[in-house]
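S.K.: One structure follows; several queries about it will come next.
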Amino acid sequence: MPKIFVFFGLFFLLFGCAGSAEDEIKGDFIYIADAAVIKGEDFIYGVEIDSMGMQLAKEAEPFKKGDFDMVSVVITGSLHEKEANAEGWDTIVKINKIIAVGPANAEENTAQ
């Protein structure tokens, strides 16, 4: 009988946090007025504007030369679909941790 409790205990310990997975996301970030986006090689995600979204916008500001410049970022976050009838991108990222912020590729920010 105690073996079954140990088995279930280990099972829940190993697989109990499966729903809280975070993705590491690398891309170019832009924040304008009340909208933010992270664009990667094969994705574009809207960014949830909460305290972490605003913190990323603040950390990105020194790397921008113009209002529409993008900034390279590495974050961890969780992805979810936008609410029904809401405007914006279909997939939204909720930022959990800001790992790195730096200047974007020079070619991407030359259009003025």
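Residues are referred to by chain and number: the chain letter is A, B, ... according to the order shown in the structure tokens, the number counts from 1 in that chain, and ligands are numbered separately from 1 in the order shown.
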For A:Asp90, work out the shell of residues within 12 Å, counting only C-alpha atoms and skipping chain neighbours fewer than 5 positions away, then give it as a PDB file with C-alpha atoms, in the first residue's frame.

M.R.:
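New file part.pdb:
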ATOM      1  CA  VAL A  37       4.273  43.421 -30.390  1.00  0.00           C
ATOM      2  CA  PHE A  43       5.688  34.577 -35.535  1.00  0.00           C
ATOM      3  CA  ILE A  44       4.140  37.838 -34.407  1.00  0.00           C
ATOM      4  CA  TYR A  45       2.660  38.008 -30.913  1.00  0.00           C
ATOM      5  CA  GLY A  46       0.752  40.784 -29.265  1.00  0.00           C
ATOM      6  CA  VAL A  47       2.138  41.633 -25.835  1.00  0.00           C
ATOM      7  CA  GLU A  48      -0.148  41.808 -22.816  1.00  0.00           C
ATOM      8  CA  LEU A  79       1.016  32.249 -24.800  1.00  0.00           C
ATOM      9  CA  HIS A  80      -2.748  32.465 -24.987  1.00  0.00           C
ATOM     10  CA  GLU A  81      -5.356  33.332 -27.590  1.00  0.00           C
ATOM     11  CA  LYS A  82      -6.956  36.776 -27.591  1.00  0.00           C
ATOM     12  CA  GLU A  83     -10.450  37.133 -26.212  1.00  0.00           C
ATOM     13  CA  ALA A  84     -13.353  36.732 -28.620  1.00  0.00           C
ATOM     14  CA  ASN A  85     -14.236  39.958 -30.455  1.00  0.00           C
TER      15      ASN A  85
END

S.K.: Quick one: of A:Gly53, A:Pro62, A:Gly88, A:Gly27, who's nearest to A:Gly40, counting only C-alpha atoms?

M.R.: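 Comparing A:Gly53, A:Pro62, A:Gly88, A:Gly27 against A:Gly40, the winner is A:Gly27.
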
S.K.: Nearest residue to A:Asp28 out of A:Ala57, A:Ile99, A:Val73, A:Ile49, using only C-alpha atoms?

M.R.: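 Using only C-alpha atoms, the shortest distance to A:Asp28 belongs to A:Val73.
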
S.K.: Write down as a list in words the residues belonging to stretch 35-85 of chain A that are assigned alpha helix (DSSP H) by DSSP computed on the backbone.

M.R.: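 In stretch 35-85 of chain A, DSSP puts these residues in alpha helix (DSSP H): Ser51, Met52, Gly53, Met54, Gln55, Leu56, Ala57, Lys58, Glu59 and Ala60 of chain A.
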
S.K.: Using only C-alpha atoms, which residue out of A:Lys97, A:Tyr31, A:Asp50, A:Ile25 lies closest to A:Lys64?

M.R.: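 For A:Lys64, the nearest of the given residues is A:Tyr31.
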
S.K.: Please return, as a ChimeraX atom specification, all residues of stretch 39-92 of chain A that DSSP assigns to strand (DSSP E or B) on the basis of the backbone.

M.R.: /A:39,44-47,71-81,91-92

S.K.: Distance atom CA of A:Ala100-atom CA of A:Glu24, one decimal place?

M.R.: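 Atom-to-atom, atom CA of A:Ala100 and atom CA of A:Glu24 are spaced 11.1 Å apart.
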
S.K.: Which residues are close to A:Gly102, i.e. within 7 Å by only C-alpha atoms, leaving aside same-chain residues fewer than 5 positions away? Reply as number ranges by chain.

M.R.: A: 63, 71-73

S.K.: Write the selection just made, keeping N, CA and C atoms, as a PDB file, in the first residue's frame?

M.R.:
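Generated output (out_21.pdb):
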ATOM      1  N   PHE A  63      17.336  51.996 -26.212  1.00  0.00           N
ATOM      2  CA  PHE A  63      17.896  51.408 -27.427  1.00  0.00           C
ATOM      3  C   PHE A  63      17.212  51.907 -28.691  1.00  0.00           C
ATOM      4  N   VAL A  71      13.393  46.791 -30.896  1.00  0.00           N
ATOM      5  CA  VAL A  71      14.484  46.456 -29.986  1.00  0.00           C
ATOM      6  C   VAL A  71      14.507  44.937 -29.821  1.00  0.00           C
ATOM      7  N   SER A  72      15.698  44.331 -29.871  1.00  0.00           N
ATOM      8  CA  SER A  72      15.816  42.883 -29.669  1.00  0.00           C
ATOM      9  C   SER A  72      15.579  42.544 -28.203  1.00  0.00           C
ATOM     10  N   VAL A  73      14.771  41.513 -27.973  1.00  0.00           N
ATOM     11  CA  VAL A  73      14.473  41.086 -26.606  1.00  0.00           C
ATOM     12  C   VAL A  73      14.496  39.568 -26.512  1.00  0.00           C
TER      13      VAL A  73
END

S.K.: So, counting only C-alpha atoms, which residue among A:Met54, A:Glu22, A:Lys65, A:Ala60 is closest to A:Val93?

M.R.: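 Ranked by minimum distance to A:Val93, first place goes to A:Glu22.
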